[in-house]
Amino acid sequence: MYAKFGKRLIDVLVSALALIILSPLYLIIMAAIKIDSPGPVFFRQKRLGRNGTYFSIVKFRTMKTSAPSDVPTHLFQDPELYITRLGRFLRKSSLDELPQLMQILTGKMSIVGPRPALWSQYDLIEEREKFGVNSLRPGLTGWAQINGRDTISVEEKALLDAEYLSRLSFRFDLHCILLTVKKVIRGEGVAEGGRTGEKLLQGAIRE
């Protein structure tokens, strides 16, 4: 019952309320991005959505316009060359993800679910397909995000996403949200290139 109706209802109500409450913060961030570096306010990237469909995920731009657009940042050899000054703060605090509230409201995403894979992350997409994870709406946060985010392998991510699918409930979603808040405050699980990027490169991206 929750998976079919309750989850979507909560997504709509929470995202609509959050958009209203956070609208002043949106305007502040948008102005700060324009002041900090030349380029658009938003960054769009092709991601895998529910049931094998694709959509353009939207984030506040944290990278210079010269940055590669189809490579996860944790795989960059020298991410400092591309991340803007404001971008470091937005990424550390996860505020760059706020525009996805609108995509939750429109049904492309959910508050909790597997993070949407980049279109070229073939291994992750295939691993998730084995467990039926690709049938879910991608999430603003997820069980794999909480348990390692950029620091775990493709196989580990897929297994954690499969665990989320098997435990899907209002109580577990609430648990994921509360843990996400804790992780964001502590700034845990974010990898920006370097050794972690080299470790995870195998099997993550093939263009």
# chains A, B, ... in the order shown; residues from 1 in each chain; ligands from 1
call {"tool": "select_by_dssp", "arguments": {"residues": "segment 101-196 of chain A", "states": "strand (DSSP E or B)", "output": "PyMOL selection string"}}
result
chain A and resi 110-112+118+139-141
call {"tool": "write_last_selection", "arguments": {"atoms": "C-alpha atoms", "output": "mmCIF file, in the first residue's frame"}}
result
data_model
loop_
_atom_site.group_PDB
_atom_site.id
_atom_site.type_symbol
_atom_site.label_atom_id
_atom_site.label_comp_id
_atom_site.auth_asym_id
_atom_site.auth_seq_id
_atom_site.Cartn_x
_atom_site.Cartn_y
_atom_site.Cartn_z
ATOM 1 C CA SER A 110 11.427 10.342 -5.015
ATOM 2 C CA ILE A 111 12.751 11.598 -1.691
ATOM 3 C CA VAL A 112 14.266 8.187 -0.950
ATOM 4 C CA LEU A 118 24.619 8.451 -15.040
ATOM 5 C CA GLY A 139 15.932 9.214 -4.977
ATOM 6 C CA LEU A 140 17.284 12.465 -3.630
ATOM 7 C CA THR A 141 18.902 10.245 -1.030
#
call {"tool": "residues_around", "arguments": {"residues": "Gly39 of chain A", "least_positions_apart": "5", "cutoff": "12 Å", "atoms": "only C-alpha atoms", "output": "list in words"}}
result
Met30, Ala31, Ala32, Ile33, Lys34, Phe60, Arg61, Thr62, Met63, Lys64, Thr65, Ser66, Ala67 and Thr84 of chain A
call {"tool": "closest_residue", "arguments": {"among": "A:Leu9, A:Ile83, A:Ala18, A:Ile146", "to": "Asp36 of chain A", "atoms": "only C-alpha atoms"}}
result
A:Ile83
call {"tool": "closest_residue", "arguments": {"among": "A:Ala117, A:Glu126, A:Ala158, A:Leu19", "to": "Leu98 of chain A", "atoms": "only C-alpha atoms"}}
result
A:Leu19
call {"tool": "closest_residue", "arguments": {"among": "A:Gly113, A:Gly87, A:Gly142, A:Pro24", "to": "Leu179 of chain A", "atoms": "only C-alpha atoms"}}
result
A:Gly142
call {"tool": "select_by_dssp", "arguments": {"residues": "segment 85-114 of chain A", "states": "helix (DSSP H, G or I)", "output": "short mmCIF file (atom, residue, chain, number, x, y, z; two decimals) with N, CA and C atoms, in the first residue's frame"}}
result
data_model
loop_
_atom_site.label_atom_id
_atom_site.label_comp_id
_atom_site.auth_asym_id
_atom_site.auth_seq_id
_atom_site.Cartn_x
_atom_site.Cartn_y
_atom_site.Cartn_z
N ARG A 85 34.71 27.91 -6.15
CA ARG A 85 34.85 28.19 -4.72
C ARG A 85 33.53 27.94 -3.98
N LEU A 86 32.45 28.47 -4.52
CA LEU A 86 31.13 28.24 -3.92
C LEU A 86 30.73 26.78 -4.06
N GLY A 87 31.14 26.16 -5.15
CA GLY A 87 30.78 24.78 -5.41
C GLY A 87 31.26 23.83 -4.33
N ARG A 88 32.42 24.10 -3.75
CA ARG A 88 32.94 23.24 -2.68
C ARG A 88 31.97 23.22 -1.51
N PHE A 89 31.47 24.39 -1.16
CA PHE A 89 30.52 24.46 -0.05
C PHE A 89 29.19 23.81 -0.41
N LEU A 90 28.70 24.06 -1.61
CA LEU A 90 27.42 23.49 -2.02
C LEU A 90 27.47 21.97 -2.05
N ARG A 91 28.58 21.42 -2.52
CA ARG A 91 28.72 19.96 -2.59
C ARG A 91 28.87 19.36 -1.20
N LYS A 92 29.68 20.00 -0.36
CA LYS A 92 29.90 19.49 1.00
C LYS A 92 28.61 19.47 1.80
N SER A 93 27.78 20.50 1.59
CA SER A 93 26.52 20.61 2.34
C SER A 93 25.34 19.94 1.62
N LEU A 95 23.72 21.12 -0.74
CA LEU A 95 22.75 22.13 -1.18
C LEU A 95 22.63 22.16 -2.70
N ASP A 96 23.61 21.64 -3.41
CA ASP A 96 23.54 21.60 -4.88
C ASP A 96 22.42 20.70 -5.37
N GLU A 97 21.92 19.82 -4.49
CA GLU A 97 20.87 18.89 -4.88
C GLU A 97 19.45 19.46 -4.74
N GLN A 100 16.39 19.34 -7.21
CA GLN A 100 15.72 18.07 -7.46
C GLN A 100 14.39 17.95 -6.72
N LEU A 101 14.13 18.87 -5.80
CA LEU A 101 12.81 18.88 -5.15
C LEU A 101 11.71 19.07 -6.18
N MET A 102 11.97 19.87 -7.20
CA MET A 102 10.99 20.07 -8.27
C MET A 102 10.79 18.77 -9.05
N GLN A 103 11.85 17.99 -9.23
CA GLN A 103 11.74 16.73 -9.95
C GLN A 103 11.05 15.66 -9.12
N ILE A 104 11.11 15.81 -7.81
CA ILE A 104 10.32 14.93 -6.94
C ILE A 104 8.84 15.29 -7.07
N LEU A 105 8.56 16.57 -7.08
CA LEU A 105 7.17 17.04 -7.21
C LEU A 105 6.54 16.57 -8.51
#
call {"tool": "residues_around", "arguments": {"residues": "segment 165-172 of chain A", "least_positions_apart": "6", "cutoff": "12 Å", "atoms": "only C-alpha atoms", "output": "mmCIF file with N, CA and C atoms, in the first residue's frame"}}
result
data_model
loop_
_atom_site.group_PDB
_atom_site.id
_atom_site.type_symbol
_atom_site.label_atom_id
_atom_site.label_comp_id
_atom_site.auth_asym_id
_atom_site.auth_seq_id
_atom_site.Cartn_x
_atom_site.Cartn_y
_atom_site.Cartn_z
ATOM 1 N N MET A 1 0.830 -1.205 0.000
ATOM 2 C CA MET A 1 0.000 0.000 0.000
ATOM 3 C C MET A 1 0.872 1.265 0.000
ATOM 4 N N TYR A 2 1.877 1.269 0.874
ATOM 5 C CA TYR A 2 2.749 2.432 0.969
ATOM 6 C C TYR A 2 3.523 2.627 -0.319
ATOM 7 N N ALA A 3 4.085 1.529 -0.869
ATOM 8 C CA ALA A 3 4.896 1.632 -2.081
ATOM 9 C C ALA A 3 4.084 2.146 -3.268
ATOM 10 N N LYS A 4 2.805 1.797 -3.340
ATOM 11 C CA LYS A 4 1.977 2.170 -4.483
ATOM 12 C C LYS A 4 1.369 3.565 -4.355
ATOM 13 N N PHE A 5 0.978 3.942 -3.137
ATOM 14 C CA PHE A 5 0.248 5.204 -2.972
ATOM 15 C C PHE A 5 0.883 6.150 -1.946
ATOM 16 N N GLY A 6 1.196 5.629 -0.781
ATOM 17 C CA GLY A 6 1.668 6.480 0.304
ATOM 18 C C GLY A 6 2.981 7.179 0.015
ATOM 19 N N LYS A 7 3.900 6.473 -0.590
ATOM 20 C CA LYS A 7 5.221 7.033 -0.865
ATOM 21 C C LYS A 7 5.125 8.235 -1.803
ATOM 22 N N ARG A 8 4.306 8.097 -2.861
ATOM 23 C CA ARG A 8 4.162 9.188 -3.823
ATOM 24 C C ARG A 8 3.444 10.383 -3.187
ATOM 25 N N LEU A 9 2.457 10.127 -2.355
ATOM 26 C CA LEU A 9 1.737 11.203 -1.684
ATOM 27 C C LEU A 9 2.674 11.996 -0.780
ATOM 28 N N ILE A 10 3.509 11.300 -0.036
ATOM 29 C CA ILE A 10 4.469 11.971 0.842
ATOM 30 C C ILE A 10 5.476 12.770 0.015
ATOM 31 N N ASP A 11 5.915 12.205 -1.103
ATOM 32 C CA ASP A 11 6.847 12.921 -1.989
ATOM 33 C C ASP A 11 6.257 14.264 -2.423
ATOM 34 N N ILE A 111 11.876 11.121 -2.760
ATOM 35 C CA ILE A 111 12.751 11.598 -1.691
ATOM 36 C C ILE A 111 13.793 10.535 -1.365
ATOM 37 N N VAL A 112 13.349 9.291 -1.248
ATOM 38 C CA VAL A 112 14.266 8.187 -0.950
ATOM 39 C C VAL A 112 14.183 7.145 -2.055
ATOM 40 N N GLY A 113 15.340 6.691 -2.500
ATOM 41 C CA GLY A 113 15.421 5.685 -3.557
ATOM 42 C C GLY A 113 16.859 5.566 -4.014
ATOM 43 N N PRO A 114 17.154 4.701 -4.955
ATOM 44 C CA PRO A 114 18.525 4.609 -5.466
ATOM 45 C C PRO A 114 18.907 5.896 -6.187
ATOM 46 N N ARG A 128 22.120 -3.230 -10.873
ATOM 47 C CA ARG A 128 20.814 -2.923 -10.295
ATOM 48 C C ARG A 128 19.692 -3.701 -10.982
ATOM 49 N N PHE A 131 18.600 -7.042 -9.595
ATOM 50 C CA PHE A 131 17.795 -7.063 -8.378
ATOM 51 C C PHE A 131 16.459 -6.329 -8.534
ATOM 52 N N GLY A 132 16.168 -5.856 -9.728
ATOM 53 C CA GLY A 132 14.916 -5.147 -9.951
ATOM 54 C C GLY A 132 14.911 -3.718 -9.433
ATOM 55 N N VAL A 133 16.081 -3.196 -9.106
ATOM 56 C CA VAL A 133 16.183 -1.857 -8.532
ATOM 57 C C VAL A 133 15.790 -0.765 -9.525
ATOM 58 N N ASN A 134 16.027 -1.008 -10.809
ATOM 59 C CA ASN A 134 15.725 0.013 -11.821
ATOM 60 C C ASN A 134 14.231 0.292 -11.976
ATOM 61 N N SER A 135 13.383 -0.511 -11.313
ATOM 62 C CA SER A 135 11.938 -0.277 -11.357
ATOM 63 C C SER A 135 11.509 0.849 -10.411
ATOM 64 N N LEU A 136 12.427 1.263 -9.523
ATOM 65 C CA LEU A 136 12.120 2.293 -8.547
ATOM 66 C C LEU A 136 12.374 3.697 -9.098
ATOM 67 N N ARG A 137 11.655 4.673 -8.588
ATOM 68 C CA ARG A 137 12.006 6.058 -8.870
ATOM 69 C C ARG A 137 13.345 6.354 -8.201
ATOM 70 N N PRO A 138 14.268 7.001 -8.883
ATOM 71 C CA PRO A 138 15.532 7.369 -8.241
ATOM 72 C C PRO A 138 15.286 8.382 -7.141
ATOM 73 N N GLY A 142 19.416 7.922 -0.597
ATOM 74 C CA GLY A 142 19.161 6.485 -0.667
ATOM 75 C C GLY A 142 20.014 5.707 0.308
ATOM 76 N N TRP A 143 19.709 4.449 0.445
ATOM 77 C CA TRP A 143 20.401 3.575 1.398
ATOM 78 C C TRP A 143 21.882 3.450 1.048
ATOM 79 N N ALA A 144 22.211 3.362 -0.242
ATOM 80 C CA ALA A 144 23.616 3.296 -0.646
ATOM 81 C C ALA A 144 24.320 4.621 -0.385
ATOM 82 N N ALA A 158 24.854 -1.600 -5.605
ATOM 83 C CA ALA A 158 23.711 -2.363 -6.112
ATOM 84 C C ALA A 158 23.099 -3.239 -5.020
ATOM 85 N N LEU A 159 23.931 -3.848 -4.196
ATOM 86 C CA LEU A 159 23.434 -4.691 -3.110
ATOM 87 C C LEU A 159 22.677 -3.864 -2.068
ATOM 88 N N LEU A 178 16.455 10.517 8.182
ATOM 89 C CA LEU A 178 17.108 10.963 9.406
ATOM 90 C C LEU A 178 18.618 10.699 9.353
ATOM 91 N N LEU A 179 19.008 9.554 8.821
ATOM 92 C CA LEU A 179 20.427 9.251 8.687
ATOM 93 C C LEU A 179 21.098 10.165 7.668
#
